[in-house]
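Asks: You'll find run.cif just under this line, and it carries mmCIF, C-alpha atoms and all ligand atoms.
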data_entry
#
loop_
_atom_site.label_atom_id
_atom_site.label_comp_id
_atom_site.auth_asym_id
_atom_site.auth_seq_id
_atom_site.Cartn_x
_atom_site.Cartn_y
_atom_site.Cartn_z
CA MET A 1191 46.41 101.68 46.44
CA ARG A 1192 46.43 98.73 48.80
CA ILE A 1193 44.78 95.33 48.96
CA GLY A 1194 45.10 94.28 52.57
CA PRO A 1195 48.81 94.50 53.38
CA HIS A 1196 49.88 94.76 49.73
CA GLU A 1197 50.84 98.14 48.34
CA LEU A 1198 50.32 97.93 44.59
CA ALA A 1199 52.57 99.50 41.98
CA THR A 1200 49.51 100.65 40.01
CA ASN A 1201 45.75 100.53 40.47
CA LEU A 1202 45.31 98.46 37.33
CA PHE A 1203 44.13 94.86 37.56
CA LEU A 1204 43.84 91.95 35.19
CA SER A 1205 40.34 90.45 35.30
CA PRO A 1206 40.06 86.69 35.37
CA LEU A 1207 39.29 85.30 31.92
CA ALA A 1208 38.76 81.56 32.04
CA GLY A 1209 40.90 79.87 29.43
CA TYR A 1210 43.20 82.85 28.97
CA THR A 1211 44.58 84.35 32.17
CA ASN A 1212 47.04 81.51 32.62
CA LEU A 1213 50.66 81.85 33.71
CA PRO A 1214 52.02 82.46 30.17
CA PHE A 1215 49.61 85.34 29.59
CA ARG A 1216 50.05 86.89 33.02
CA VAL A 1217 53.83 86.90 32.78
CA THR A 1218 53.70 88.30 29.26
CA LEU A 1219 51.48 91.14 30.46
CA ARG A 1220 53.55 91.84 33.55
CA GLU A 1221 56.68 92.10 31.45
CA LEU A 1222 55.07 94.90 29.44
CA GLY A 1223 54.50 96.93 32.60
CA GLY A 1224 51.69 98.83 34.29
CA LEU A 1225 49.85 95.83 35.68
CA GLY A 1226 49.42 96.12 39.44
CA TRP A 1227 47.66 92.86 40.27
CA ALA A 1228 46.55 89.77 38.39
CA THR A 1229 44.04 87.05 39.13
CA THR A 1230 43.96 83.48 37.87
CA ASP A 1231 41.07 81.97 35.94
CA LEU A 1232 38.35 80.75 38.23
CA VAL A 1233 39.25 77.48 39.92
CA ASN A 1234 36.82 75.02 41.37
CA ALA A 1235 37.62 74.78 45.09
CA ARG A 1236 36.89 71.07 45.27
CA SER A 1237 39.04 70.26 42.23
CA LEU A 1238 41.89 72.17 43.80
CA LEU A 1239 41.55 70.26 47.05
CA GLU A 1240 41.53 67.02 45.08
CA ARG A 1241 44.73 68.21 43.41
CA ASN A 1242 43.14 67.76 40.02
CA HIS A 1243 45.75 68.30 37.30
CA THR A 1244 43.81 71.01 35.48
CA ALA A 1245 43.12 72.90 38.70
CA LEU A 1246 46.80 72.79 39.65
CA GLN A 1247 47.75 74.06 36.23
CA LEU A 1248 45.33 76.97 36.64
CA VAL A 1249 47.03 78.05 39.85
CA ALA A 1250 50.59 77.45 38.64
CA SER A 1251 52.72 80.52 39.18
CA SER A 1252 56.31 81.73 39.21
CA PRO A 1253 58.35 84.34 41.12
CA GLU A 1254 57.79 87.02 38.46
CA ASP A 1255 54.03 86.37 38.56
CA ARG A 1256 53.41 88.61 41.59
CA PRO A 1257 51.21 89.87 43.14
CA LEU A 1258 48.76 87.10 42.32
CA ALA A 1259 45.23 86.34 43.48
CA ILE A 1260 43.70 82.92 42.93
CA GLN A 1261 40.01 83.04 42.13
CA LEU A 1262 37.96 80.30 43.76
CA PHE A 1263 34.53 79.12 42.85
CA GLY A 1264 32.32 76.96 45.04
CA SER A 1265 29.50 77.04 47.51
CA VAL A 1266 30.49 74.51 50.16
CA PRO A 1267 31.93 76.62 52.99
CA GLU A 1268 34.41 74.00 54.21
CA GLU A 1269 35.75 73.44 50.72
CA MET A 1270 36.13 77.16 50.08
CA ARG A 1271 37.89 77.59 53.39
CA ASP A 1272 40.27 74.69 52.85
CA ALA A 1273 40.98 75.76 49.28
CA ALA A 1274 41.81 79.26 50.54
CA ILE A 1275 44.28 77.75 53.00
CA MET A 1276 45.81 75.76 50.16
CA CYS A 1277 46.17 78.94 48.06
CA GLU A 1278 47.93 80.65 50.93
CA GLU A 1279 50.27 77.70 51.36
CA MET A 1280 51.06 77.81 47.66
CA GLY A 1281 52.21 81.41 48.02
CA ALA A 1282 49.29 83.37 46.55
CA GLN A 1283 49.00 86.97 47.75
CA SER A 1284 45.21 86.80 47.89
CA VAL A 1285 42.12 84.72 47.28
CA ASP A 1286 39.27 86.08 45.23
CA ILE A 1287 35.77 84.64 45.43
CA ASN A 1288 33.76 84.38 42.24
CA MET A 1289 30.28 85.67 42.95
CA GLY A 1290 29.10 85.69 39.36
CA CYS A 1291 25.59 85.75 40.56
CA PRO A 1292 25.14 85.18 44.24
CA VAL A 1293 21.47 86.11 44.22
CA LYS A 1294 20.09 83.89 41.48
CA LYS A 1295 18.14 81.66 43.81
CA VAL A 1296 16.93 84.58 45.83
CA VAL A 1297 15.64 86.59 42.92
CA ARG A 1298 13.86 83.58 41.48
CA ILE A 1299 11.87 83.12 44.61
CA GLY A 1300 11.13 86.78 45.07
CA GLY A 1301 13.82 88.29 47.23
CA GLY A 1302 12.70 89.79 50.52
CA SER A 1303 13.63 87.77 53.56
CA ALA A 1304 15.00 85.04 51.32
CA MET A 1305 17.52 87.53 50.03
CA MET A 1306 18.74 88.23 53.53
CA THR A 1307 19.06 84.52 54.16
CA GLU A 1308 21.22 84.19 51.08
CA LEU A 1309 23.35 87.16 52.09
CA ASP A 1310 23.74 85.65 55.54
CA ARG A 1311 24.89 82.39 54.04
CA THR A 1312 27.36 84.16 51.78
CA ALA A 1313 28.65 86.22 54.70
CA ALA A 1314 29.18 83.10 56.79
CA LEU A 1315 31.11 81.45 53.98
CA VAL A 1316 33.31 84.51 53.56
CA ARG A 1317 33.88 84.89 57.28
CA SER A 1318 35.12 81.34 57.58
CA MET A 1319 37.57 81.92 54.72
CA VAL A 1320 38.79 85.22 56.14
CA ALA A 1321 39.33 83.62 59.54
CA ALA A 1322 41.28 80.71 58.08
CA VAL A 1323 43.98 82.63 56.18
CA LYS A 1324 46.26 85.61 56.72
CA ILE A 1325 46.18 86.73 53.09
CA PRO A 1326 43.40 89.10 52.03
CA VAL A 1327 40.17 87.66 50.66
CA THR A 1328 38.36 89.63 47.93
CA ALA A 1329 35.15 89.11 45.97
CA LYS A 1330 34.10 89.70 42.38
CA MET A 1331 30.48 90.38 41.50
CA ARG A 1332 28.12 91.83 38.94
CA LEU A 1333 25.71 94.65 39.74
CA GLY A 1334 22.90 92.20 40.39
CA TRP A 1335 20.40 90.04 38.60
CA ASP A 1336 18.78 92.76 36.46
CA ASP A 1337 18.12 96.49 36.53
CA ASP A 1338 15.35 96.04 39.09
CA ASN A 1339 17.60 94.06 41.38
CA LEU A 1340 20.87 95.92 41.76
CA THR A 1341 21.97 94.05 44.82
CA ALA A 1342 25.72 94.67 44.58
CA PRO A 1343 25.76 97.58 47.08
CA ASP A 1344 24.05 95.47 49.75
CA LEU A 1345 26.25 92.53 49.00
CA ALA A 1346 29.41 94.65 49.11
CA ARG A 1347 28.42 96.08 52.50
CA VAL A 1348 27.77 92.64 53.91
CA LEU A 1349 31.06 91.36 52.51
CA GLU A 1350 32.98 94.26 53.97
CA ASP A 1351 31.53 93.46 57.37
CA ALA A 1352 32.51 89.84 56.83
CA GLY A 1353 36.11 90.94 56.30
CA VAL A 1354 36.81 91.09 52.57
CA ALA A 1355 39.71 93.37 51.65
CA ALA A 1356 38.31 94.63 48.32
CA VAL A 1357 35.48 94.05 45.90
CA PHE A 1358 35.59 93.90 42.12
CA VAL A 1359 32.43 94.96 40.32
CA HIS A 1360 31.63 94.26 36.69
CA GLY A 1361 29.21 97.10 35.91
CA ARG A 1362 26.57 94.94 34.26
CA THR A 1363 23.72 92.84 35.54
CA ARG A 1364 23.52 89.17 35.01
CA ALA A 1365 20.54 89.68 32.70
CA GLN A 1366 22.69 91.89 30.50
CA GLY A 1367 25.27 89.21 29.88
CA PHE A 1368 27.94 91.09 27.96
CA SER A 1369 25.59 93.33 26.03
CA GLY A 1370 24.55 96.91 26.58
CA ARG A 1371 26.52 99.55 28.34
CA VAL A 1372 28.49 99.27 31.50
CA ASN A 1373 26.56 101.09 34.20
CA LEU A 1374 28.94 103.51 35.86
CA ASN A 1375 26.23 104.73 38.24
CA GLY A 1376 25.85 101.16 39.41
CA ILE A 1377 29.55 100.94 40.20
CA ARG A 1378 29.35 104.30 41.97
CA GLY A 1379 26.55 102.86 44.10
CA VAL A 1380 28.88 100.12 45.30
CA VAL A 1381 31.64 102.63 46.05
CA ALA A 1382 29.15 104.62 48.13
CA ALA A 1383 27.93 101.52 49.96
CA VAL A 1384 31.21 100.40 51.47
CA LYS A 1385 32.97 102.11 54.35
CA HIS A 1386 36.70 101.63 53.79
CA ILE A 1387 37.59 98.86 51.39
CA PRO A 1388 38.63 99.61 47.82
CA VAL A 1389 36.12 98.96 45.06
CA ILE A 1390 37.63 98.06 41.71
CA GLY A 1391 35.51 98.89 38.68
CA ASN A 1392 35.35 96.58 35.70
CA GLY A 1393 33.77 96.31 32.30
CA ASP A 1394 34.57 97.41 28.76
CA VAL A 1395 37.74 99.32 29.56
CA THR A 1396 39.63 99.10 26.30
CA THR A 1397 41.50 102.40 26.34
CA PRO A 1398 43.45 104.51 28.83
CA GLU A 1399 40.80 107.24 28.49
CA ALA A 1400 38.07 104.78 29.42
CA ALA A 1401 39.97 103.81 32.55
CA ARG A 1402 40.30 107.48 33.54
CA HIS A 1403 36.59 107.98 32.87
CA MET A 1404 35.60 105.01 35.00
CA LEU A 1405 37.78 106.20 37.89
CA ASP A 1406 36.41 109.74 37.67
CA GLU A 1407 32.76 108.83 37.25
CA THR A 1408 32.54 106.12 39.87
CA GLY A 1409 35.14 107.03 42.48
CA CYS A 1410 36.43 103.47 42.29
CA ALA A 1411 39.96 102.92 43.57
CA GLY A 1412 41.17 100.88 40.64
CA VAL A 1413 40.18 99.48 37.30
CA SER A 1414 40.19 95.87 36.23
CA ILE A 1415 40.63 95.01 32.57
CA GLY A 1416 39.73 91.74 30.91
CA ARG A 1417 39.06 91.59 27.19
CA GLY A 1418 40.88 94.87 26.63
CA ALA A 1419 44.07 93.03 27.52
CA PHE A 1420 43.48 90.51 24.72
CA TYR A 1421 43.39 93.23 22.15
CA ASP A 1422 46.04 95.28 23.67
CA PRO A 1423 48.43 93.59 26.09
CA TRP A 1424 50.09 97.02 26.38
CA ILE A 1425 46.92 98.53 27.82
CA PHE A 1426 48.23 98.46 31.39
CA ARG A 1427 51.43 100.29 30.53
CA ARG A 1428 49.57 102.74 28.32
CA THR A 1429 46.89 103.36 30.93
CA ASP A 1430 49.36 103.77 33.77
CA HIS A 1431 51.25 106.30 31.67
CA PHE A 1432 48.07 108.17 30.81
CA LEU A 1433 46.86 108.27 34.41
CA ARG A 1434 50.20 109.62 35.59
CA THR A 1435 50.96 112.09 32.79
CA GLY A 1436 47.74 112.79 30.89
CA THR A 1437 49.51 111.93 27.66
CA THR A 1438 48.95 108.94 25.45
CA LEU A 1439 51.69 106.55 24.36
CA PRO A 1440 51.49 105.56 20.71
CA GLU A 1441 49.90 102.22 19.87
CA PRO A 1442 52.51 99.47 19.49
CA SER A 1443 53.90 98.83 16.04
CA PHE A 1444 53.21 95.63 14.13
CA ALA A 1445 56.75 94.46 14.87
CA GLU A 1446 56.17 94.94 18.60
CA ARG A 1447 52.83 93.10 18.42
CA VAL A 1448 54.55 90.18 16.72
CA ARG A 1449 57.40 90.21 19.22
CA VAL A 1450 55.02 89.99 22.17
CA MET A 1451 52.79 87.40 20.49
CA GLN A 1452 55.90 85.30 19.87
CA ARG A 1453 56.92 85.50 23.54
CA HIS A 1454 53.38 84.59 24.56
CA PHE A 1455 53.46 81.66 22.12
CA ASP A 1456 56.86 80.44 23.35
CA ARG A 1457 55.59 80.52 26.91
CA TYR A 1458 52.57 78.44 25.86
CA CYS A 1459 54.94 75.82 24.41
CA ASP A 1460 57.14 75.86 27.50
CA PHE A 1461 54.19 75.66 29.88
CA TYR A 1462 51.78 73.32 28.09
CA GLY A 1463 54.35 71.36 26.10
CA GLU A 1464 55.32 71.23 22.43
CA GLU A 1465 52.13 69.44 21.46
CA ARG A 1466 49.42 71.14 23.50
CA GLY A 1467 51.01 74.59 23.57
CA PRO A 1468 50.69 75.36 19.85
CA ARG A 1469 47.19 73.89 19.70
CA LEU A 1470 46.01 75.95 22.65
CA PHE A 1471 47.56 79.06 21.14
CA ARG A 1472 45.21 78.68 18.17
CA LYS A 1473 42.56 80.56 20.10
CA VAL A 1474 44.95 83.22 21.38
CA ALA A 1475 46.68 84.34 18.19
CA PRO A 1476 43.49 85.65 16.53
CA TRP A 1477 43.17 88.20 19.34
CA TYR A 1478 46.52 89.68 18.42
CA ALA A 1479 45.47 89.62 14.78
CA LYS A 1480 42.52 91.91 15.50
CA ARG A 1481 44.96 94.80 15.59
CA PHE A 1482 47.14 93.64 12.68
CA GLY A 1483 44.97 95.23 10.00
CA PRO A 1484 44.08 92.92 7.10
CA ALA A 1485 44.69 89.48 8.58
CA LYS A 1486 42.33 86.94 7.05
CA PRO A 1487 45.02 84.48 5.90
CA PHE A 1488 46.70 84.62 9.29
CA LYS A 1489 43.44 83.91 11.12
CA GLN A 1490 42.68 81.02 8.79
CA ASP A 1491 46.13 79.43 9.02
CA VAL A 1492 46.93 79.96 12.68
CA ILE A 1493 44.00 77.81 13.79
CA THR A 1494 45.69 74.81 12.18
CA ILE A 1495 49.13 74.98 13.81
CA ASN A 1496 50.56 71.96 15.60
CA SER A 1497 54.12 73.01 16.31
CA ARG A 1498 56.56 75.88 16.75
CA ALA A 1499 57.63 75.36 13.14
CA ASP A 1500 54.02 75.69 11.94
CA PHE A 1501 53.63 78.93 13.83
CA ALA A 1502 56.85 80.34 12.39
CA ALA A 1503 55.78 79.40 8.88
CA VAL A 1504 52.31 80.96 9.26
CA LEU A 1505 53.84 84.14 10.61
CA ALA A 1506 56.43 84.39 7.85
CA ARG A 1507 53.81 83.81 5.14
CA TYR A 1508 51.49 86.36 6.66
CA THR A 1509 54.16 89.02 7.12
CA ALA A 1510 55.08 88.73 3.46
CA TRP A 1511 51.41 88.95 2.40
CA ARG A 1512 50.71 91.90 4.69
CA ALA A 1513 53.47 93.98 3.08
CA GLN A 1514 51.09 94.97 0.27
CA PHE A 1515 49.05 97.01 2.78
CA CYS A 1516 52.05 98.75 4.30
CA ASP A 1517 54.38 101.66 3.73
CA GLU A 1518 58.16 101.20 3.66
CA THR A 1519 58.37 101.30 7.49
CA GLY A 1520 56.05 98.31 7.76
CA GLU A 1521 53.10 100.28 9.13
CA LEU A 1522 49.66 100.09 7.55
CA LEU A 1523 48.87 102.60 4.83
CA PRO A 1524 46.38 105.15 6.11
CA ARG A 1525 43.43 103.61 4.28
CA PHE A 1526 43.99 100.29 6.09
CA ALA A 1527 44.72 101.82 9.48
CA LEU A 1528 42.42 100.72 12.30
CA SER A 1529 40.20 103.10 14.17
CA PRO A 1530 40.80 103.20 17.90
CA LEU A 1531 38.60 101.17 20.22
CA THR A 1532 35.98 103.02 22.23
CA ALA A 1533 34.50 101.77 25.49
CA SER A 1534 30.71 101.32 25.49
CA PHE A 1535 30.30 103.87 28.25
CA MET A 1536 32.29 106.49 26.36
CA GLN A 1537 29.79 106.53 23.48
CA ALA A 1538 26.73 108.71 23.02
CA GLU A 1539 23.42 106.83 23.49
CA ASP A 1540 22.57 106.50 19.78
CA GLU A 1541 26.10 105.53 18.89
CA ALA A 1542 26.02 102.79 21.50
CA ALA A 1543 23.24 100.94 19.70
CA ALA A 1544 24.96 101.43 16.35
CA SER A 1545 28.21 100.04 17.62
CA GLU A 1546 26.64 97.05 19.33
CA ARG A 1547 27.85 95.05 16.36
CA SER A 1548 31.42 96.15 16.90
CA ALA A 1549 31.32 95.60 20.65
CA ILE A 1550 34.21 93.66 22.17
CA PRO A 1551 33.60 90.07 21.18
CA VAL A 1552 33.10 87.51 23.91
CA PRO A 1553 34.87 84.21 23.35
CA LYS A 1554 32.78 81.07 23.61
CA GLY A 1555 32.25 79.81 27.14
CA PRO A 1556 29.83 79.72 30.06
CA VAL A 1557 29.47 83.49 30.11
CA ASP A 1558 26.48 83.42 32.42
CA THR A 1559 28.67 82.33 35.29
CA TRP A 1560 30.95 85.34 34.90
C1 LIG B 1601 36.32 84.55 28.10
C2 LIG B 1601 35.95 85.13 29.44
C3 LIG B 1601 36.24 84.42 30.58
C4 LIG B 1601 35.91 84.93 31.84
N1 LIG B 1601 36.23 84.22 32.95
C5 LIG B 1601 35.95 84.73 34.17
C6 LIG B 1601 36.33 84.04 35.36
O1 LIG B 1601 36.94 82.97 35.32
N2 LIG B 1601 36.02 84.61 36.54
C7 LIG B 1601 35.36 85.81 36.63
O2 LIG B 1601 35.10 86.28 37.73
N3 LIG B 1601 35.03 86.49 35.53
C8 LIG B 1601 35.32 85.99 34.30
N4 LIG B 1601 34.99 86.70 33.20
C9 LIG B 1601 34.48 88.07 33.34
C10 LIG B 1601 35.63 89.08 33.30
O3 LIG B 1601 36.51 88.91 34.39
C11 LIG B 1601 35.13 90.52 33.31
O4 LIG B 1601 34.38 90.72 34.48
C12 LIG B 1601 34.27 90.83 32.10
O5 LIG B 1601 34.81 90.28 30.92
C13 LIG B 1601 34.11 92.34 31.92
O6 LIG B 1601 35.35 92.98 31.82
P1 LIG B 1601 36.01 93.36 30.38
O7 LIG B 1601 34.98 94.15 29.62
O8 LIG B 1601 37.21 94.16 30.74
O9 LIG B 1601 36.33 92.07 29.69
C14 LIG B 1601 35.28 86.19 31.94
C15 LIG B 1601 34.98 86.90 30.78
C16 LIG B 1601 35.31 86.40 29.53
C17 LIG B 1601 35.00 87.19 28.31
#
Could you render the structure from this file as structure tokens?
Replies:
Amino acid sequence: MRIGPHELATNLFLSPLAGYTNLPFRVTLRELGGLGWATTDLVNARSLLERNHTALQLVASSPEDRPLAIQLFGSVPEEMRDAAIMCEEMGAQSVDINMGCPVKKVVRIGGGSAMMTELDRTAALVRSMVAAVKIPVTAKMRLGWDDDNLTAPDLARVLEDAGVAAVFVHGRTRAQGFSGRVNLNGIRGVVAAVKHIPVIGNGDVTTPEAARHMLDETGCAGVSIGRGAFYDPWIFRRTDHFLRTGTTLPEPSFAERVRVMQRHFDRYCDFYGEERGPRLFRKVAPWYAKRFGPAKPFKQDVITINSRADFAAVLARYTAWRAQFCDETGELLPRFALSPLTASFMQAEDEAAASERSAIPVPKGPVDTW
């Protein structure tokens, strides 16, 4: 598939995850294969223009970190336009606009003509960005405010007319937050609404089968994966393989999980420094541990690390402790083996409620803006 002039190696995308989809994570994922396109965390357009240190760190990239979209957030048209120009100058392949909830104000005051005003305003903002840069501009949205206000199809149509090259749709409403099922019909509605541009579906894809299902059920051109990549950084390679061959690669071994976690950790230290890197990795390592099997001591200890040496010690202690749950090859004994993840939209209705508890956790953060 294509985004503007870019022909992608796969139709699999990394969703922006503020606090996680930094350069170390993106490069670690790309190295594992299957990832066609990645997007940065959302970046405040004004902060970027002010060359704020944090904003610059969010957009930091490297030659192997391609193709890359920078996601901008802001509502002042001139700032969004100038920030898009800055992204282009920095070498980004695309700019993505965060439209977490473009209709909040409109829905509050009752929609109708006000909604059209808001859409007009959004379209004008997008048009000025599209006109200012040569790289493609894309947008990421939810289905709408709530089930009675599924505005994404209208918005997508307006954005296409304004010149966006693709839209990303998280198949939930803002009212849903991260709960409930992803609404595949809603995503299909957006696919049907646009004329030519690719629509990329998003939400709860945690397995290759779920990606296939989303593509088949919605007609979307690609699938974007966020939290599934925390659990399973191999998900892009595994999904690409499944989409091409119909066969499933085995889940990575514990040794492979540790190898990749270590590379991810080393990149954190290189990128954020020997002091900040290990501390920041405290919130990353527990995601890897979710697929380690019994891992309580690891989760407790890893959130105290301050250095590379601390991390090595925690890992060594944990590996020794974990051996009691393993066979001679180092894999978990069957009674400790983990059941595979299932996407919310792959479950039967009654199961969905029952598994609400085991839904993909959402890390702390301002989730209502995503
Ligand atoms: C911790 C976290 C941070 C997120 N940050 C962003 C963000 O910066 N920009 C954005 O558009 N969406 C953000 N999202 C939403 C995701 O990109 C994605 O739409 C959502 O998590 C659903 O996809 P998933 O089920 O594959 O995770 C974030 C979600 C999470 C859980």
Asks: Identify, on the basis of all atoms listed in the file, every residue whose closest approach to stretch 1268-1273 of chain A does not exceed 12 Å; exclude the query and any residue fewer than 2 positions from it along the same chain; express the result as a PyMOL selection string.
Replies: chain A and resi 1233-1241+1245-1246+1249+1260-1266+1275-1280+1282+1284-1288+1312+1314-1323+1327
Asks: Within 6 Å of ligand LIG 1601 (chain B) (counting only C-alpha atoms and all ligand atoms), which residues show up? I'd like them as a ChimeraX atom specification.
Replies: /A:1205-1208,1231-1232,1288,1330,1360,1392-1395,1415-1418,1552-1553,1560
Asks: Which value, in Å to one decimal, gives the distance between atom CA of A:Leu1523 and atom CA of A:Glu1446?
Replies: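 These two atoms are separated by 17.4 Å.
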Asks: Dump as CSV the rows for residues of stretch 1350-1443 of chain A within 10 Å of stretch 1471-1490 of chain A: closest atom pair and distance in Å with one decimal, all atoms listed in the file counted, ordered by chain and rising residue number.
Replies:
residue,atom,partner,partner_atom,distance
A:Arg1417,CA,A:Trp1477,CA,9.5
A:Ala1419,CA,A:Trp1477,CA,9.5
A:Phe1420,CA,A:Trp1477,CA,5.9
A:Tyr1421,CA,A:Trp1477,CA,5.8
A:Asp1422,CA,A:Tyr1478,CA,7.7
A:Pro1423,CA,A:Tyr1478,CA,8.8
A:Glu1441,CA,A:Arg1481,CA,9.9
A:Pro1442,CA,A:Arg1481,CA,9.7
A:Ser1443,CA,A:Phe1482,CA,9.2
Asks: What is the atom CA of A:Val1357 to atom CA of A:Thr1328 distance in Å?
Replies: 5.7 Å
Asks: At what distance in Å, to one decimal, does atom CA of A:Gly1391 lie from atom CA of A:Leu1219?
Replies: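 A separation of 19.6 Å between them.
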Asks: Would you mind telling me which residue in A:Thr1494, A:Val1448, A:Ala1250, A:Asp1430 lies nearest to A:Thr1509 when using only C-alpha atoms?
Replies: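 Distance minimum relative to A:Thr1509 lands on A:Val1448.
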Asks: Using only the atoms of stretch 1494-1507 of chain A listed in the file, plus 8 Å on each side, state the axis-aligned box centre and edge lengths in Å rounded to one decimal, as lines of an AutoDock Vina configuration file.
Replies:
center_x = 51.7
center_y = 78.2
center_z = 10.9
size_x = 27.9
size_y = 28.4
size_z = 27.6
Asks: Out of A:Ala1199, A:Ala1356, A:Leu1522, A:Val1504, which residue has the shortest atom-to-atom distance to A:Ala1259 when counting only C-alpha atoms?
Replies: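 So, comparing all the options, the nearest one is A:Ala1356.
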Asks: Between A:Ser1251, A:Thr1408, A:Thr1341, A:Thr1218, which is the closest to A:Val1372 once you count all atoms listed in the file?
Replies: A:Thr1408
Asks: Which residue gives the smallest distance to A:Ile1425 among A:Leu1309, A:Leu1204, A:Met1191, A:Val1348, with only C-alpha atoms counted?
Replies: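 Among A:Leu1309, A:Leu1204, A:Met1191, A:Val1348, it is A:Leu1204 that comes nearest to A:Ile1425.
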Asks: Which is closest to A:Glu1399 among A:Ala1533, A:Ala1411, A:Ala1313, A:Leu1505, if we use only C-alpha atoms?
Replies: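 That would be A:Ala1533, the residue with the smallest distance to A:Glu1399.
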Asks: For each of A:Ala1401, A:Arg1525, A:Pro1214, A:Phe1444, take the minimum atom-to-atom distance to A:Arg1512, counting only C-alpha atoms, then give the residue where this is smallest.
Replies: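 Once distances to A:Arg1512 are computed over only C-alpha atoms, the minimum belongs to A:Phe1444.
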Asks: Give me the residues within 6 Å of A:Ser1534 as a PyMOL selection string, counting all atoms listed in the file and dropping any in the same chain fewer than 2 places off.
Replies: chain A and resi 1371+1536-1537
Asks: List the spatial neighbours of stretch 1193-1197 of chain A as a short mmCIF file (atom, residue, chain, number, x, y, z; two decimals) with C-alpha atoms, in the frame of the given file - criterion: any atom at most 10 Å away, all atoms listed in the file, same-chain residues fewer than 4 positions off excluded.
Replies:
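The resulting file, out.cif, is reproduced below:
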data_model
loop_
_atom_site.label_atom_id
_atom_site.label_comp_id
_atom_site.auth_asym_id
_atom_site.auth_seq_id
_atom_site.Cartn_x
_atom_site.Cartn_y
_atom_site.Cartn_z
CA ASN A 1201 45.75 100.53 40.47
CA GLY A 1226 49.42 96.12 39.44
CA TRP A 1227 47.66 92.86 40.27
CA PRO A 1257 51.21 89.87 43.14
CA GLN A 1283 49.00 86.97 47.75
CA SER A 1284 45.21 86.80 47.89
CA LYS A 1324 46.26 85.61 56.72
CA ILE A 1325 46.18 86.73 53.09
CA PRO A 1326 43.40 89.10 52.03
CA VAL A 1327 40.17 87.66 50.66
CA THR A 1328 38.36 89.63 47.93
CA VAL A 1354 36.81 91.09 52.57
CA ALA A 1355 39.71 93.37 51.65
CA ALA A 1356 38.31 94.63 48.32
CA VAL A 1357 35.48 94.05 45.90
CA ILE A 1387 37.59 98.86 51.39
CA PRO A 1388 38.63 99.61 47.82
#
